[in-house]
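What follows is a single structure, written as structure tokens, with notes after it.
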Amino acid sequence: MKRFGWAWFAASSMLLRSLMGPAAAETRPQYGGTLRIAMLESPGSLDPSDATQPDSLARRNLLGLIFETLVTVDERGRVQPALAVDWQAASGKQRWQFRLRRGVKFHDGSGLTAEIAASALRTANPSWKVFAEGESVIVEMDRADADFPAELALPHNSMVKRMGNGKLSGTGPFHIEDWQAGKKLTLGAEENQWRGRAFVDRIEVEMGRNFHDQLVELDLGRADLIEVPPETGPRVATEGRRVSASQPMELVALVFSGEAQSAEEKLLRRALAHSVERASMRGAVLQGAGQAAASILPNWISGFGFAFAGAANLELARREREQVRSAPNLTVGYDANDSLARVLAERVALNARDAGISLQTTTAAKSDLRLARIALPSADPWVALRGVAEALGVALPRTSGTSVEELYAAERGLLAGQRVIPLFHLPAEWAASNALQDWSPAADGGWRLEDVWLGKVAMGKSRP
């Protein structure tokens, strides 16, 4: 009876699959295949602690495939366990203890120990006092910081084992098979990863590819995932491609090169801020993408981004400009390789001239202000705000509290310095092939590629 029952079940299953067609068989995740990614950025190093490499969402996502941190920050900005299972604070939140997860292996087969973890944190943060204590890592600081665990989720605080041959070993879902700096990265699925094996066997990342080339590769079936500039997202989607977006994780802002030196200079900066037509720029230049912003943090992270007024007021801008007796001719710089930055800088210059402010665009290294694009480092509001302050070269006062009121006051204080005029918050966007299954970026732009799988279209011989 048992054998007969099994045979009947198998025959019924085969009949059901034949009636439903091949599509039904692909609703279940499958192991195997090579996931191919094309991207614009060309990082020269995969070392998370390499401070010479500019921070970007693309680099963070690459590092996240190979390395892991003690904790992570979820889509609500809450700290969650990762390589550390729990943590506790002492001495008024100046001493933190993180207890490591047991059984975690590096890609070279060795185990994660407290000594290795402490060494990795000291390498990334030379000024920290870090040491091992049993199965825990201890961090002692000279000040209280209730939000310190969220800082450990930043990629540069990844657990890295540095071997004698100069190679790096991580604990992430994929290990490095081949690395051609700035050109190509090949990763293999780690069989004994503590979270479980990824579905795809391999990931190949082609770097330094412009958007046009990426789009061609996607359409020809030679790429499964490509980057999409936010301003082109609506067009790419209407042409029938699968486009996904994160929550806004990039700040576009005007950043002044230094502090205002006089009351008139402060007044001129206010006039410029009031002259900027964010709404028209979002419609004409960004094609409706992103959000016009007068705050540093997007509303989804802080909860109070809406409280900052940013509507243009040309009449007020002109009145403020008229109060400045001798206004200098200003220059606004932008990255010559960034077409979106160029167009936005030109529109800002036109708005400024309408208010009587002389503002010229330039690609020179030095300018009075620049059109900056700053990747927000975290979904944690305090870590994100500190990251922006660091990118601006402005000190943000440390606080031992984490209340919304303190956060609001800190952001207000940063804006009051008149070093930055926020313009937009932009999401990260990607287009995916039809073969890529269960693909959905995290709110903060994280890839989560250990969860995706490839359908038969991607794995079969018919694919180019």
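Ordering of the structure tokens sets the chain letters (A, B, ...), residue numbers begin anew at 1 in every chain, and ligands are numbered from 1 in the order given.
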Members of segment 234-314 of chain A assigned strand (DSSP E or B) by DSSP, as a list in words: Arg242, Val243, Ser244, Ala245, Glu250, Leu251, Val252, Ala253, Leu254, Val255, Phe256, Gln291 and Ala292 of chain A
Resulting file, chosen residues, N, CA and C atoms, as a compact mmCIF listing (two decimals), in the first residue's frame:
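Final output, again-v6.txt:
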# COMPACT_ATOMS: atom_id res chain seq x y z
N ARG A 242 11.04 45.59 -16.25
CA ARG A 242 10.75 45.47 -14.81
C ARG A 242 11.65 46.43 -14.04
N VAL A 243 11.07 47.47 -13.49
CA VAL A 243 11.84 48.47 -12.74
C VAL A 243 11.42 48.44 -11.29
N SER A 244 12.39 48.38 -10.38
CA SER A 244 12.14 48.40 -8.94
C SER A 244 12.92 49.53 -8.32
N ALA A 245 12.40 50.08 -7.24
CA ALA A 245 13.05 51.22 -6.59
C ALA A 245 13.08 51.05 -5.08
N GLU A 250 19.26 58.94 -1.32
CA GLU A 250 20.29 59.85 -1.79
C GLU A 250 19.81 61.29 -1.62
N LEU A 251 20.67 62.12 -1.08
CA LEU A 251 20.38 63.54 -0.90
C LEU A 251 21.06 64.32 -2.02
N VAL A 252 20.28 65.09 -2.76
CA VAL A 252 20.83 66.03 -3.74
C VAL A 252 20.72 67.42 -3.13
N ALA A 253 21.84 68.10 -3.04
CA ALA A 253 21.84 69.37 -2.31
C ALA A 253 22.88 70.33 -2.87
N LEU A 254 22.69 71.61 -2.58
CA LEU A 254 23.71 72.62 -2.85
C LEU A 254 24.55 72.76 -1.59
N VAL A 255 25.85 72.63 -1.73
CA VAL A 255 26.75 72.66 -0.58
C VAL A 255 27.76 73.78 -0.77
N PHE A 256 27.82 74.69 0.19
CA PHE A 256 28.77 75.80 0.12
C PHE A 256 30.14 75.35 0.59
N GLN A 291 11.69 62.92 -4.46
CA GLN A 291 10.87 63.86 -3.69
C GLN A 291 11.61 65.19 -3.56
N ALA A 292 10.91 66.28 -3.80
CA ALA A 292 11.48 67.59 -3.51
C ALA A 292 11.70 67.68 -2.01
Contacts of Ser56 of chain A at 9 Å (only C-alpha atoms; same-chain gap of 5+ positions) as an MDAnalysis selection string: chainID A and resid 41 61 374:377
Selection from above, N, CA and C atoms, as a short mmCIF file (atom, residue, chain, number, x, y, z; two decimals), in the first residue's frame, can you write it?
data_model
loop_
_atom_site.label_atom_id
_atom_site.label_comp_id
_atom_site.auth_asym_id
_atom_site.auth_seq_id
_atom_site.Cartn_x
_atom_site.Cartn_y
_atom_site.Cartn_z
N GLU A 41 29.61 52.00 -11.53
CA GLU A 41 30.76 52.25 -10.66
C GLU A 41 31.89 51.25 -10.92
N ASN A 61 26.49 47.40 -1.61
CA ASN A 61 25.82 46.16 -2.01
C ASN A 61 26.82 45.08 -2.40
N ILE A 374 24.74 62.90 -2.24
CA ILE A 374 25.26 62.22 -1.05
C ILE A 374 24.42 61.00 -0.75
N ALA A 375 25.05 59.82 -0.77
CA ALA A 375 24.34 58.58 -0.43
C ALA A 375 24.15 58.52 1.07
N LEU A 376 22.91 58.37 1.51
CA LEU A 376 22.64 58.25 2.94
C LEU A 376 23.18 56.91 3.43
N PRO A 377 23.98 56.90 4.50
CA PRO A 377 24.68 55.68 4.89
C PRO A 377 23.82 54.63 5.59
#
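Taking atom CA of Pro149 of chain A and atom CA of Trp87 of chain A as endpoints, the distance between them is 8.4 Å.
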Atom-to-atom span, atom CA of Leu70 of chain A and atom CA of Pro54 of chain A, Å: 22.4 Å
Non-local contacts of Pro29 of chain A (12 Å; only C-alpha atoms; under 4 positions in same chain excluded) as a list in words: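 The contact residues come out as Ala24, Ala25, Gly33, Ala198, Phe199, Val200, Ala435, Leu436, Gln437, Asp438, Trp439, Glu450, Asp451, Val452, Trp453, Leu454, Gly455 and Lys456 of chain A.
Proximity to Arg235 of chain A was assessed for A:Leu63, A:Val130, A:Ala294, A:Ala289 counting only C-alpha atoms; the smallest distance is recorded for A:Ala289.
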Top pick for closest residue to Ser326 of chain A, considering A:Leu314, A:Ala273, A:Val343, A:Leu268 and counting only C-alpha atoms: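 Comparing A:Leu314, A:Ala273, A:Val343, A:Leu268 against Ser326 of chain A, the winner is A:Leu268.
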